[in-house]
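Containing CSV, C-alpha atoms: entry22.csv.
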```csv
chain,number,residue,atom,x,y,z
X,242,MET,CA,-219.7,57.1,77.5
X,243,SER,CA,-222.9,59.2,77.1
X,244,LYS,CA,-221.2,62.2,78.6
X,245,ILE,CA,-218.3,62.1,76.2
X,246,LEU,CA,-220.8,61.5,73.3
X,247,ASN,CA,-222.7,64.6,74.2
X,248,LEU,CA,-219.5,66.7,74.4
X,249,ILE,CA,-218.5,65.6,70.9
X,250,GLY,CA,-221.9,66.3,69.5
X,251,ARG,CA,-223.2,62.8,69.2
X,252,THR,CA,-226.1,60.7,70.7
X,253,LYS,CA,-225.2,57.2,69.4
X,254,GLU,CA,-222.3,54.9,69.9
X,255,LEU,CA,-220.6,54.5,66.5
X,256,PHE,CA,-220.0,50.7,66.4
X,257,TYR,CA,-223.0,49.6,68.5
X,258,TYR,CA,-224.6,47.4,65.8
X,259,ASP,CA,-221.4,45.8,64.6
X,260,ILE,CA,-220.3,45.0,68.1
X,261,LYS,CA,-223.7,43.6,69.0
X,262,TYR,CA,-224.0,41.5,65.8
X,263,TYR,CA,-220.5,40.0,66.2
X,264,ASP,CA,-220.5,39.8,70.0
X,265,LYS,CA,-220.9,36.0,70.3
X,266,GLU,CA,-218.2,35.3,67.7
X,267,LEU,CA,-215.8,37.9,69.3
X,268,ARG,CA,-216.3,36.3,72.7
X,269,THR,CA,-215.6,32.8,71.4
X,270,ILE,CA,-212.4,33.8,69.6
X,271,VAL,CA,-211.1,36.0,72.4
X,272,SER,CA,-211.8,33.4,75.1
X,273,ASN,CA,-209.8,30.8,73.1
X,274,SER,CA,-206.8,33.0,72.3
X,275,GLN,CA,-203.6,34.5,73.8
X,276,PHE,CA,-202.9,38.2,73.4
X,277,LEU,CA,-200.0,40.6,73.6
X,278,VAL,CA,-200.9,44.3,73.7
X,279,ILE,CA,-197.9,46.6,73.1
X,280,GLY,CA,-198.3,50.2,74.2
X,281,GLY,CA,-201.2,49.0,76.3
X,282,ALA,CA,-201.1,51.8,78.9
X,283,GLY,CA,-201.8,54.7,76.5
X,284,SER,CA,-205.4,55.9,75.9
X,285,ILE,CA,-206.1,53.6,72.9
X,286,GLY,CA,-204.0,50.8,74.4
X,287,GLN,CA,-206.0,50.8,77.6
X,288,ALA,CA,-209.3,50.8,75.7
X,289,VAL,CA,-208.2,47.8,73.6
X,290,THR,CA,-206.9,46.0,76.7
X,291,LYS,CA,-210.3,46.4,78.4
X,292,GLU,CA,-212.2,45.2,75.3
X,293,ILE,CA,-210.0,42.0,75.3
X,294,PHE,CA,-210.1,41.5,79.1
X,295,LYS,CA,-213.9,41.7,79.4
X,296,ARG,CA,-214.2,38.8,76.9
X,297,ASN,CA,-212.1,36.5,79.0
X,298,PRO,CA,-208.9,35.7,77.0
X,299,LYS,CA,-206.8,32.6,77.8
X,300,LYS,CA,-203.8,34.9,78.2
X,301,LEU,CA,-203.4,38.7,78.1
X,302,HIS,CA,-200.0,40.3,78.5
X,303,VAL,CA,-199.7,44.1,78.4
X,304,VAL,CA,-196.4,45.9,77.7
X,305,ASP,CA,-195.8,49.7,78.1
X,306,ILE,CA,-193.0,52.0,78.9
X,307,SER,CA,-195.1,54.0,81.4
X,308,GLU,CA,-195.1,52.3,84.8
X,309,ASN,CA,-197.6,54.7,86.3
X,310,ASN,CA,-200.1,54.4,83.5
X,311,MET,CA,-199.8,50.6,83.8
X,312,VAL,CA,-200.6,50.7,87.5
X,313,GLU,CA,-203.7,52.8,86.7
X,314,LEU,CA,-204.8,50.4,83.9
X,315,VAL,CA,-204.7,47.4,86.4
X,316,ARG,CA,-206.7,49.4,89.0
X,317,ASP,CA,-209.2,50.4,86.4
X,318,ILE,CA,-209.6,46.8,85.1
X,319,ARG,CA,-209.9,45.4,88.6
X,320,SER,CA,-212.5,48.0,89.6
X,321,SER,CA,-214.6,47.7,86.5
X,322,PHE,CA,-214.3,44.0,85.5
X,323,GLY,CA,-212.7,42.1,88.3
X,324,TYR,CA,-210.8,39.0,87.3
X,325,ILE,CA,-210.6,36.4,84.6
X,326,LYS,CA,-209.7,32.7,84.6
X,327,GLY,CA,-206.9,33.2,82.1
X,328,GLU,CA,-203.5,34.8,82.7
X,329,PHE,CA,-203.4,38.6,83.0
X,330,ALA,CA,-200.0,40.3,83.5
X,331,THR,CA,-198.4,43.6,82.8
X,332,PHE,CA,-194.8,44.5,82.1
X,333,ALA,CA,-193.2,48.0,82.2
X,334,LEU,CA,-190.8,47.6,79.3
X,335,ASP,CA,-189.5,49.6,76.4
X,336,ILE,CA,-190.1,47.5,73.3
X,337,GLY,CA,-186.9,48.8,71.8
X,338,SER,CA,-184.8,47.3,74.7
X,339,ALA,CA,-182.9,44.1,75.3
X,340,GLU,CA,-185.2,43.5,78.3
X,341,TYR,CA,-188.2,43.3,76.0
X,342,ASP,CA,-186.4,41.0,73.6
X,343,ALA,CA,-185.6,38.7,76.6
X,344,PHE,CA,-189.2,38.8,77.6
X,345,ILE,CA,-190.3,37.7,74.1
X,346,LYS,CA,-187.7,35.0,74.0
X,347,GLN,CA,-188.9,33.6,77.3
X,348,ASP,CA,-192.6,33.5,76.2
X,349,GLY,CA,-193.5,34.7,72.8
X,350,LYS,CA,-196.5,32.4,72.6
X,351,TYR,CA,-199.4,34.6,71.3
X,352,ASP,CA,-202.1,34.2,68.8
X,353,TYR,CA,-202.6,37.9,68.4
X,354,VAL,CA,-200.1,40.8,68.9
X,355,LEU,CA,-201.6,44.3,68.9
X,356,ASN,CA,-199.2,47.2,68.7
X,357,LEU,CA,-200.7,50.5,70.0
X,358,SER,CA,-197.4,52.2,70.8
X,359,ALA,CA,-196.8,55.5,68.9
X,360,LEU,CA,-195.7,59.1,69.1
X,361,LYS,CA,-198.9,60.7,68.0
X,362,HIS,CA,-198.4,64.4,68.4
X,363,VAL,CA,-197.8,66.7,65.5
X,364,ARG,CA,-195.8,68.9,67.9
X,365,SER,CA,-193.2,66.1,68.2
X,366,GLU,CA,-191.9,67.0,64.7
X,367,LYS,CA,-190.6,70.4,65.9
X,368,ASP,CA,-187.1,69.3,66.6
X,369,PRO,CA,-184.9,66.7,64.9
X,370,PHE,CA,-184.3,64.6,68.1
X,371,THR,CA,-188.0,64.0,69.0
X,372,LEU,CA,-188.7,63.5,65.3
X,373,MET,CA,-186.1,60.7,65.2
X,374,ARG,CA,-187.7,59.1,68.2
X,375,MET,CA,-191.0,59.3,66.4
X,376,ILE,CA,-189.4,57.4,63.4
X,377,GLU,CA,-188.0,54.8,65.8
X,378,THR,CA,-191.3,54.3,67.6
X,379,ASN,CA,-193.7,54.5,64.7
X,380,ILE,CA,-191.7,52.7,62.0
X,381,PHE,CA,-188.8,50.6,63.2
X,382,ASN,CA,-190.2,49.3,66.5
X,383,THR,CA,-193.3,48.2,64.5
X,384,ASP,CA,-191.0,46.5,62.0
X,385,LYS,CA,-189.1,44.9,64.8
X,386,THR,CA,-192.1,43.5,66.7
X,387,LEU,CA,-193.5,42.3,63.4
X,388,GLN,CA,-190.4,40.3,62.7
X,389,GLN,CA,-190.5,38.8,66.2
X,390,SER,CA,-194.2,37.9,65.6
X,391,ILE,CA,-193.1,36.1,62.4
X,392,GLU,CA,-190.3,34.2,64.2
X,393,TYR,CA,-192.7,33.1,67.1
X,394,LYS,CA,-195.4,32.1,64.6
X,395,VAL,CA,-198.1,34.6,65.8
X,396,LYS,CA,-201.4,34.1,64.0
X,397,LYS,CA,-202.1,37.8,63.5
X,398,TYR,CA,-200.4,41.2,64.0
X,399,PHE,CA,-202.4,44.4,64.3
X,400,CYS,CA,-201.1,48.0,64.5
X,401,VAL,CA,-202.6,51.4,64.6
X,402,SER,CA,-202.2,53.8,61.7
X,403,THR,CA,-203.9,57.2,61.6
X,404,ASP,CA,-206.3,59.1,59.4
X,405,LYS,CA,-203.4,61.5,59.0
X,406,ALA,CA,-201.6,58.8,56.9
X,407,ALA,CA,-204.0,59.5,54.1
X,408,ASN,CA,-202.4,62.2,52.0
X,409,PRO,CA,-200.2,63.2,54.9
X,410,VAL,CA,-199.2,66.9,55.5
X,411,ASN,CA,-197.2,66.4,58.7
X,412,MET,CA,-194.3,64.2,59.8
X,413,MET,CA,-196.4,62.2,62.2
X,414,GLY,CA,-198.9,61.2,59.5
X,415,ALA,CA,-196.1,60.6,57.1
X,416,SER,CA,-194.3,58.3,59.6
X,417,LYS,CA,-197.4,56.2,59.9
X,418,ARG,CA,-197.8,56.1,56.1
X,419,ILE,CA,-194.2,54.8,55.9
X,420,MET,CA,-195.0,52.4,58.7
X,421,GLU,CA,-197.8,51.0,56.5
X,422,MET,CA,-195.3,50.4,53.7
X,423,PHE,CA,-193.0,48.4,56.1
X,424,VAL,CA,-196.1,46.5,57.3
X,425,MET,CA,-197.0,45.6,53.7
X,426,ARG,CA,-193.5,44.2,53.2
X,427,LYS,CA,-193.9,41.8,56.2
X,428,SER,CA,-197.5,40.9,55.2
X,429,LYS,CA,-196.1,38.3,52.9
X,430,GLN,CA,-194.9,36.4,56.0
X,431,ILE,CA,-197.7,37.0,58.5
X,432,ASP,CA,-201.3,38.2,58.4
X,433,VAL,CA,-201.6,41.9,59.4
X,434,SER,CA,-204.3,44.4,59.7
X,435,MET,CA,-204.5,48.0,60.8
X,436,ALA,CA,-206.9,50.8,61.6
X,437,ARG,CA,-207.1,54.5,60.7
X,438,PHE,CA,-209.4,56.5,62.9
X,439,ALA,CA,-210.3,59.9,64.2
X,440,ASN,CA,-209.1,61.8,67.2
X,441,VAL,CA,-209.8,59.9,70.4
X,442,ALA,CA,-211.8,62.3,72.6
X,443,PHE,CA,-210.1,63.2,75.9
X,444,SER,CA,-207.1,60.8,75.2
X,445,ASP,CA,-203.9,61.5,77.2
X,446,GLY,CA,-202.1,64.5,75.9
X,447,SER,CA,-204.9,65.6,73.6
X,448,LEU,CA,-206.3,69.1,73.6
X,449,LEU,CA,-209.6,67.9,75.1
X,450,HIS,CA,-207.7,66.1,77.9
X,451,GLY,CA,-206.0,69.4,78.4
X,452,PHE,CA,-209.4,71.0,79.1
X,453,ASN,CA,-209.6,68.8,82.2
X,454,GLN,CA,-206.1,69.9,83.3
X,455,ARG,CA,-206.8,73.6,82.8
X,456,ILE,CA,-210.0,73.4,84.9
X,457,GLN,CA,-208.1,71.6,87.7
X,458,LYS,CA,-205.3,74.1,87.6
X,459,GLN,CA,-207.6,77.1,87.3
X,460,GLN,CA,-206.2,78.1,83.9
X,461,PRO,CA,-207.8,79.5,80.7
X,462,ILE,CA,-209.3,77.2,78.1
X,463,VAL,CA,-207.6,77.7,74.7
X,464,ALA,CA,-208.8,76.1,71.4
X,465,PRO,CA,-208.7,76.7,67.7
X,466,ASN,CA,-212.0,77.8,66.2
X,467,ASP,CA,-211.2,77.0,62.5
X,468,ILE,CA,-210.1,73.3,62.7
X,469,LYS,CA,-212.8,70.6,62.5
X,470,ARG,CA,-212.1,67.0,63.4
X,471,TYR,CA,-213.9,63.7,63.7
X,472,PHE,CA,-213.9,62.2,67.2
X,473,VAL,CA,-214.4,58.7,68.6
X,474,THR,CA,-214.7,57.8,72.3
X,475,PRO,CA,-212.0,55.8,74.0
X,476,GLN,CA,-214.2,52.7,74.0
X,477,GLU,CA,-215.0,53.1,70.3
X,478,SER,CA,-211.2,53.2,69.6
X,479,GLY,CA,-210.8,49.9,71.5
X,480,GLU,CA,-213.7,48.4,69.6
X,481,LEU,CA,-212.4,49.5,66.2
X,482,CYS,CA,-208.9,48.0,66.9
X,483,LEU,CA,-210.3,44.7,68.2
X,484,MET,CA,-212.7,44.3,65.2
X,485,SER,CA,-209.8,44.9,62.8
X,486,CYS,CA,-207.5,42.5,64.7
X,487,ILE,CA,-210.0,39.7,64.8
X,488,PHE,CA,-211.9,40.1,61.6
X,489,GLY,CA,-209.5,41.9,59.3
X,490,GLU,CA,-208.1,39.9,56.4
X,491,ASN,CA,-204.5,40.2,55.5
X,492,ARG,CA,-203.5,43.9,54.8
X,493,ASP,CA,-206.9,45.3,55.6
X,494,ILE,CA,-207.1,48.7,57.1
X,495,PHE,CA,-210.4,49.4,59.1
X,496,PHE,CA,-211.8,52.9,59.5
X,497,PRO,CA,-215.1,54.5,60.8
X,498,LYS,CA,-217.7,55.1,58.1
X,499,LEU,CA,-218.8,58.6,57.8
X,500,SER,CA,-222.5,58.8,58.7
X,501,GLU,CA,-224.9,60.9,60.7
X,502,ASN,CA,-223.3,59.3,63.7
X,503,LEU,CA,-219.9,60.7,62.9
X,504,HIS,CA,-219.6,64.4,62.0
X,505,LEU,CA,-217.0,67.1,62.1
X,506,ILE,CA,-216.9,69.5,65.1
X,507,THR,CA,-214.5,72.3,66.0
X,508,PHE,CA,-212.4,72.2,69.2
X,509,SER,CA,-214.0,75.5,70.3
X,510,GLU,CA,-217.5,74.0,69.9
X,511,ILE,CA,-216.5,71.2,72.2
X,512,ALA,CA,-214.9,73.7,74.7
X,513,VAL,CA,-218.3,75.5,74.9
X,514,LYS,CA,-220.1,72.2,75.5
X,515,TYR,CA,-217.5,71.2,78.1
X,516,LEU,CA,-217.8,74.4,80.1
X,517,ASN,CA,-221.6,74.4,79.9
X,518,ASP,CA,-221.6,70.9,81.3
X,519,LEU,CA,-219.5,72.1,84.2
X,520,GLY,CA,-221.9,75.0,84.8
X,521,TYR,CA,-219.7,77.7,83.3
X,522,GLU,CA,-220.4,80.3,80.6
X,523,PRO,CA,-217.5,80.8,78.2
X,524,TYR,CA,-216.0,84.3,78.3
X,525,LEU,CA,-214.1,85.1,75.1
X,526,CYS,CA,-210.8,87.0,75.7
X,527,LYS,CA,-208.8,89.1,73.2
X,528,ASP,CA,-205.4,87.7,74.0
X,529,GLU,CA,-203.4,85.4,76.4
X,530,ASP,CA,-202.6,88.1,78.9
X,531,GLU,CA,-206.3,88.9,79.4
X,532,ALA,CA,-207.2,85.2,79.7
X,533,ARG,CA,-204.5,84.6,82.3
X,534,GLN,CA,-205.6,87.7,84.3
X,535,LEU,CA,-209.4,87.0,84.2
X,536,VAL,CA,-209.1,83.4,85.3
X,537,LYS,CA,-208.3,84.8,88.8
X,538,THR,CA,-211.8,86.4,89.1
X,539,LEU,CA,-214.3,85.1,86.5
X,540,PRO,CA,-214.8,81.4,87.7
X,541,SER,CA,-216.4,82.6,90.9
X,542,LYS,CA,-219.0,84.5,88.8
X,543,GLY,CA,-219.9,81.4,86.8
X,544,LYS,CA,-217.8,82.3,83.7
X,545,TRP,CA,-214.5,80.9,82.4
X,546,PRO,CA,-212.0,82.8,80.3
X,547,CYS,CA,-211.5,81.3,76.8
X,548,LEU,CA,-209.2,82.1,73.9
X,549,PHE,CA,-210.5,80.8,70.6
X,550,THR,CA,-208.2,81.6,67.6
X,551,SER,CA,-207.4,80.4,64.1
X,552,SER,CA,-204.5,77.9,63.7
X,553,ASP,CA,-201.2,78.7,62.0
X,554,THR,CA,-199.0,75.9,63.3
X,555,THR,CA,-197.0,73.5,61.2
X,556,GLY,CA,-198.6,70.1,60.4
X,557,GLU,CA,-202.3,71.0,60.8
X,558,LYS,CA,-204.5,69.5,58.1
X,559,ASP,CA,-207.4,71.5,56.8
X,560,PHE,CA,-209.7,68.5,56.7
X,561,GLU,CA,-209.7,64.8,57.7
X,562,GLU,CA,-209.9,61.8,55.5
X,563,PHE,CA,-209.6,58.1,56.2
X,564,PHE,CA,-208.7,57.0,52.7
X,565,THR,CA,-207.5,58.3,49.4
X,566,ASP,CA,-209.2,58.1,46.0
X,567,LYS,CA,-206.5,55.6,44.9
X,568,GLU,CA,-207.5,53.0,47.6
X,569,VAL,CA,-209.9,50.2,47.1
X,570,LEU,CA,-212.8,50.1,49.7
X,571,ASP,CA,-215.2,47.5,51.0
X,572,MET,CA,-218.1,49.5,52.5
X,573,THR,CA,-220.6,46.6,52.7
X,574,LYS,CA,-219.2,44.0,55.2
X,575,PHE,CA,-220.0,46.1,58.3
X,576,GLU,CA,-222.6,48.6,59.3
X,577,ASN,CA,-220.3,51.4,60.5
X,578,LEU,CA,-216.8,50.1,59.6
X,579,GLY,CA,-215.2,50.6,56.2
X,580,ILE,CA,-212.3,48.6,55.0
X,581,ILE,CA,-209.4,49.6,52.8
X,582,LYS,CA,-208.3,46.5,50.8
X,583,ASN,CA,-204.6,46.5,50.0
X,584,GLU,CA,-202.2,44.6,47.9
X,585,ALA,CA,-198.6,44.1,49.1
X,586,ILE,CA,-197.3,47.2,47.3
X,587,TYR,CA,-194.0,48.6,48.3
X,588,ASN,CA,-190.6,49.5,46.9
X,589,GLU,CA,-188.0,47.2,48.5
X,590,LYS,CA,-185.1,49.3,47.4
X,591,LEU,CA,-186.6,52.5,48.8
X,592,LEU,CA,-187.4,50.9,52.1
X,593,ASN,CA,-183.9,49.5,52.5
X,594,ASP,CA,-182.4,52.9,51.5
X,595,PHE,CA,-184.5,54.7,54.0
X,596,GLU,CA,-183.6,52.2,56.8
X,597,ASN,CA,-179.9,52.4,56.0
X,598,THR,CA,-179.9,56.2,55.9
X,599,ILE,CA,-181.7,56.6,59.2
X,600,LYS,CA,-179.3,54.0,60.8
X,601,ASP,CA,-176.3,56.1,59.5
X,602,PHE,CA,-177.8,59.2,61.0
X,603,LYS,CA,-178.0,57.5,64.4
X,604,VAL,CA,-174.6,55.9,64.3
X,605,ASN,CA,-173.0,59.3,63.6
X,606,LEU,CA,-175.3,61.0,66.1
X,607,SER,CA,-175.9,63.8,63.6
X,608,TRP,CA,-178.9,64.7,61.5
X,609,THR,CA,-181.2,67.6,60.8
X,610,LYS,CA,-185.0,67.8,60.4
X,611,GLU,CA,-184.4,69.0,56.8
X,612,LYS,CA,-182.4,65.8,56.0
X,613,ILE,CA,-185.2,63.6,57.5
X,614,VAL,CA,-187.9,65.4,55.5
X,615,LYS,CA,-185.8,64.8,52.4
X,616,GLU,CA,-185.8,61.0,53.1
X,617,PHE,CA,-189.6,61.1,53.7
X,618,PHE,CA,-190.1,62.7,50.3
X,619,LYS,CA,-188.2,59.8,48.6
X,620,LEU,CA,-190.9,57.4,50.0
X,621,ILE,CA,-193.8,59.8,49.7
X,622,PRO,CA,-193.1,62.0,46.6
X,623,ASP,CA,-196.5,63.9,46.9
X,624,PHE,CA,-196.0,64.5,50.7
X,625,GLY,CA,-197.8,67.7,51.4
X,626,HIS,CA,-195.5,68.9,54.2
X,627,LYS,CA,-195.5,72.7,54.7
X,628,GLU,CA,-193.2,74.3,57.3
X,629,THR,CA,-194.6,77.4,58.9
X,630,GLY,CA,-192.0,77.8,61.6
X,631,LYS,CA,-194.7,77.9,64.2
X,632,TYR,CA,-195.5,75.0,66.6
X,633,LEU,CA,-198.0,74.3,69.3
X,634,ASP,CA,-195.3,74.5,72.0
X,635,GLY,CA,-195.1,78.2,71.2
X,636,LYS,CA,-198.7,78.8,72.2
X,637,MET,CA,-200.6,78.7,75.5
```
Let's see the structure in the file written out as structure tokens.
Amino acid sequence: MSKILNLIGRTKELFYYDIKYYDKELRTIVSNSQFLVIGGAGSIGQAVTKEIFKRNPKKLHVVDISENNMVELVRDIRSSFGYIKGEFATFALDIGSAEYDAFIKQDGKYDYVLNLSALKHVRSEKDPFTLMRMIETNIFNTDKTLQQSIEYKVKKYFCVSTDKAANPVNMMGASKRIMEMFVMRKSKQIDVSMARFANVAFSDGSLLHGFNQRIQKQQPIVAPNDIKRYFVTPQESGELCLMSCIFGENRDIFFPKLSENLHLITFSEIAVKYLNDLGYEPYLCKDEDEARQLVKTLPSKGKWPCLFTSSDTTGEKDFEEFFTDKEVLDMTKFENLGIIKNEAIYNEKLLNDFENTIKDFKVNLSWTKEKIVKEFFKLIPDFGHKETGKYLDGKM
């Protein structure tokens, strides 16, 4: 934890005081409850699963489509925490499948359902097919598992949103904003809470995680030098989700308070810290060709080739925000956690129209990105989407 904190420019754990203050109550509630974690083998899902496991739940079931990541989760938990008296089991299932539905039908007895499954990358909006999978995963699978939770009388449903849902500029953030609308509709039948939070440092598939891969594969480090982001550690992401799930009132969205413990930092700044920690001095290259060539010789001299450039790809937000000026906040309940207080505001007709249109696209196996963007604008009229024609997959 301290190493990651140092790399993202912090010295203190973000939610230390809140977790310490509520520790006894958290342990009491968790140890008397049954949990289902959906998408539990991703970076945030694993962090949440570990936060629940170490507080000895009565039952903890974890579902994820990634069999390999699930195996690693179990190895990690056994190596770090050992065993619990309650039931702990993992299931390699696609939550959109009939197999998952049969699994829920056979059991379905949970006090808390936490949905951490998501397509989270801005790059996933580059083509209409991956974009449709993002819609299915982020919006409709959430709505489906919410409905199942209602039918099986689950006490509380939690799901992850994103800071990018506040005034979204990319399709990923917009999909999460629309997901929030669908969640609000179901909130009349079940208690729900959510979380918006910053980038999780070194999470699977993230640029920082890519630093590890580049070093292992003897490849250059590439990072934007003009984009600043807030970062939380994997453990902090798990703590934020658990706090929202257990203590959030219906329709609450939790987020990290901005303080001296959470500040913006560029990816290139983290890259420099990362290389220094490994004993390397960054060497700034003028282009990709030079970086690829120098990586063959520089590391043996204690230097690592880097390419730090400005960003011009579709979907990048100039700044990060966890809430808009139209949302009502509670900034007093917790030391380092803010809460967005929501009413069940949504447009039933627009949600139904969106759902029906997307279904028609899929039945006909024909749609374009432009048509999907048009549907997004109907639900989010001030959607700040700007198409540059450039995507991260077109860069090193």
Next on the checklist: As an exercise, work out the distance from atom CA of Lys265 of chain X to atom CA of Phe294 of chain X in Å and give it to one decimal place.
Outcome noted: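 Taking atom CA of Lys265 of chain X and atom CA of Phe294 of chain X, their separation equals 15.0 Å.
Taking atom CA of Gln476 of chain X as the reference point, atom CA of Asp305 of chain X is found at 19.1 Å.
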Checklist entry - Which of these, X:Lys527, X:Lys291, X:Lys537, X:Arg268, has the shortest distance to Thr550 of chain X once you count only C-alpha atoms? => result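 Of X:Lys527, X:Lys291, X:Lys537, X:Arg268, the one nearest Thr550 of chain X, counting only C-alpha atoms, is X:Lys527.
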Item to check | Close residues, Gly349 of chain X itself excluded, 10 Å, only C-alpha atoms, min 6 positions apart in chain, as a PyMOL selection string | outcome: chain X and resi 277+342-343+389-390+392-395
Checklist entry - Which is closest to Asn491 of chain X among X:Ile376, X:Ala585, X:Val473, X:Cys526, if we use all atoms listed in the file? => result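 For Asn491 of chain X, the nearest of the given residues is X:Ala585.
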Item to check | segment 561-574 of chain X environment, 8 Å, only C-alpha atoms, sequence neighbours closer than 4 positions dropped, as an MDAnalysis selection string | outcome: chainID X and resid 403:405 407:408 437:438 470:471 496 498 578:583
Item to check | Nearest to Val271 of chain X, chosen from X:Lys350, X:Arg296, X:His302, X:His504, with all atoms listed in the file counted in the distances | outcome: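 The shortest atom-to-atom distance to Val271 of chain X comes from X:Arg296.
Using only C-alpha atoms, the shortest contact distance between Asp317 of chain X and any of X:Asn466, X:Thr507, X:Asn517, X:Thr290 is found at X:Thr290.
Note that atom CA of His450 of chain X and atom CA of Val278 of chain X are 23.2 Å apart.
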Next on the checklist: With distances taken over all atoms listed in the file, which residue among X:His626, X:Lys600, X:Lys244, X:Lys397 lies nearest Gly489 of chain X?
Outcome noted: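 Ranking X:His626, X:Lys600, X:Lys244, X:Lys397 by distance to Gly489 of chain X, first place goes to X:Lys397.
Residue nearest Asn440 of chain X, chosen from X:Arg418, X:Lys361, X:Lys427, X:Lys346 and counting only C-alpha atoms: X:Lys361.
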Neighbour list for segment 604-615 of chain X as a CSV table (one decimal) with C-alpha atoms, in the coordinates of the input, cut-off 12 Å, all atoms listed in the file, skip fewer than 2 positions in-chain:
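part_33.csv was written with the following content:
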```
chain,number,residue,atom,x,y,z
X,365,SER,CA,-193.2,66.1,68.2
X,366,GLU,CA,-191.9,67.0,64.7
X,367,LYS,CA,-190.6,70.4,65.9
X,368,ASP,CA,-187.1,69.3,66.6
X,369,PRO,CA,-184.9,66.7,64.9
X,370,PHE,CA,-184.3,64.6,68.1
X,371,THR,CA,-188.0,64.0,69.0
X,372,LEU,CA,-188.7,63.5,65.3
X,373,MET,CA,-186.1,60.7,65.2
X,374,ARG,CA,-187.7,59.1,68.2
X,375,MET,CA,-191.0,59.3,66.4
X,376,ILE,CA,-189.4,57.4,63.4
X,410,VAL,CA,-199.2,66.9,55.5
X,411,ASN,CA,-197.2,66.4,58.7
X,412,MET,CA,-194.3,64.2,59.8
X,413,MET,CA,-196.4,62.2,62.2
X,415,ALA,CA,-196.1,60.6,57.1
X,416,SER,CA,-194.3,58.3,59.6
X,595,PHE,CA,-184.5,54.7,54.0
X,596,GLU,CA,-183.6,52.2,56.8
X,597,ASN,CA,-179.9,52.4,56.0
X,598,THR,CA,-179.9,56.2,55.9
X,599,ILE,CA,-181.7,56.6,59.2
X,600,LYS,CA,-179.3,54.0,60.8
X,601,ASP,CA,-176.3,56.1,59.5
X,602,PHE,CA,-177.8,59.2,61.0
X,617,PHE,CA,-189.6,61.1,53.7
X,618,PHE,CA,-190.1,62.7,50.3
X,619,LYS,CA,-188.2,59.8,48.6
X,620,LEU,CA,-190.9,57.4,50.0
X,621,ILE,CA,-193.8,59.8,49.7
X,622,PRO,CA,-193.1,62.0,46.6
X,624,PHE,CA,-196.0,64.5,50.7
X,625,GLY,CA,-197.8,67.7,51.4
X,626,HIS,CA,-195.5,68.9,54.2
X,627,LYS,CA,-195.5,72.7,54.7
X,628,GLU,CA,-193.2,74.3,57.3
```
Checklist entry - If you count only C-alpha atoms, which residues fall within 12 Å of Thr331 of chain X, apart from same-chain ones fewer than 4 positions away, as a list in words? => result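 So, after excluding close chain neighbours, the residues are Phe276, Leu277, Val278, Ile279, Gly280, Gly281, Ala282, Gln287, Thr290, Lys300, Leu301, His302, Val303, Val304, Asp305, Ile306, Ser307, Glu308, Asn309, Asn310, Met311, Val312, Glu313, Leu314, Val315, Arg316, Ile318 and Phe344 of chain X.
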Sorted per-residue table, segment 446-522 of chain X near segment 352-357 of chain X, closest atoms and distance, 12 Å, only C-alpha atoms, as a Markdown table:
```
| residue | atom | partner | partner_atom | distance |
| --- | --- | --- | --- | --- |
| X:Ser478 | CA | X:Leu357 | CA | 10.8 |
| X:Gly479 | CA | X:Leu357 | CA | 10.2 |
| X:Cys482 | CA | X:Leu355 | CA | 8.4 |
| X:Leu483 | CA | X:Leu355 | CA | 8.7 |
| X:Met484 | CA | X:Leu355 | CA | 11.7 |
| X:Ser485 | CA | X:Leu355 | CA | 10.2 |
| X:Cys486 | CA | X:Leu355 | CA | 7.5 |
| X:Ile487 | CA | X:Tyr353 | CA | 8.4 |
| X:Phe488 | CA | X:Tyr353 | CA | 11.7 |
```
Suppose we keep C-alpha atoms; can you now write the selection as a PDB file, in the coordinates of the input?
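What landed in again.pdb:
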```pdb
ATOM      1  CA  SER X 478    -211.200  53.200  69.600  1.00  0.00           C
ATOM      2  CA  GLY X 479    -210.800  49.900  71.500  1.00  0.00           C
ATOM      3  CA  CYS X 482    -208.900  48.000  66.900  1.00  0.00           C
ATOM      4  CA  LEU X 483    -210.300  44.700  68.200  1.00  0.00           C
ATOM      5  CA  MET X 484    -212.700  44.300  65.200  1.00  0.00           C
ATOM      6  CA  SER X 485    -209.800  44.900  62.800  1.00  0.00           C
ATOM      7  CA  CYS X 486    -207.500  42.500  64.700  1.00  0.00           C
ATOM      8  CA  ILE X 487    -210.000  39.700  64.800  1.00  0.00           C
ATOM      9  CA  PHE X 488    -211.900  40.100  61.600  1.00  0.00           C
TER      10      PHE X 488
END
```
Checklist entry - So which residues touch segment 451-460 of chain X within 8 Å, counting all atoms listed in the file, skipping near sequence neighbours fewer than 6 positions away, as a ChimeraX atom specification? => result /X:443,512,533,536-537
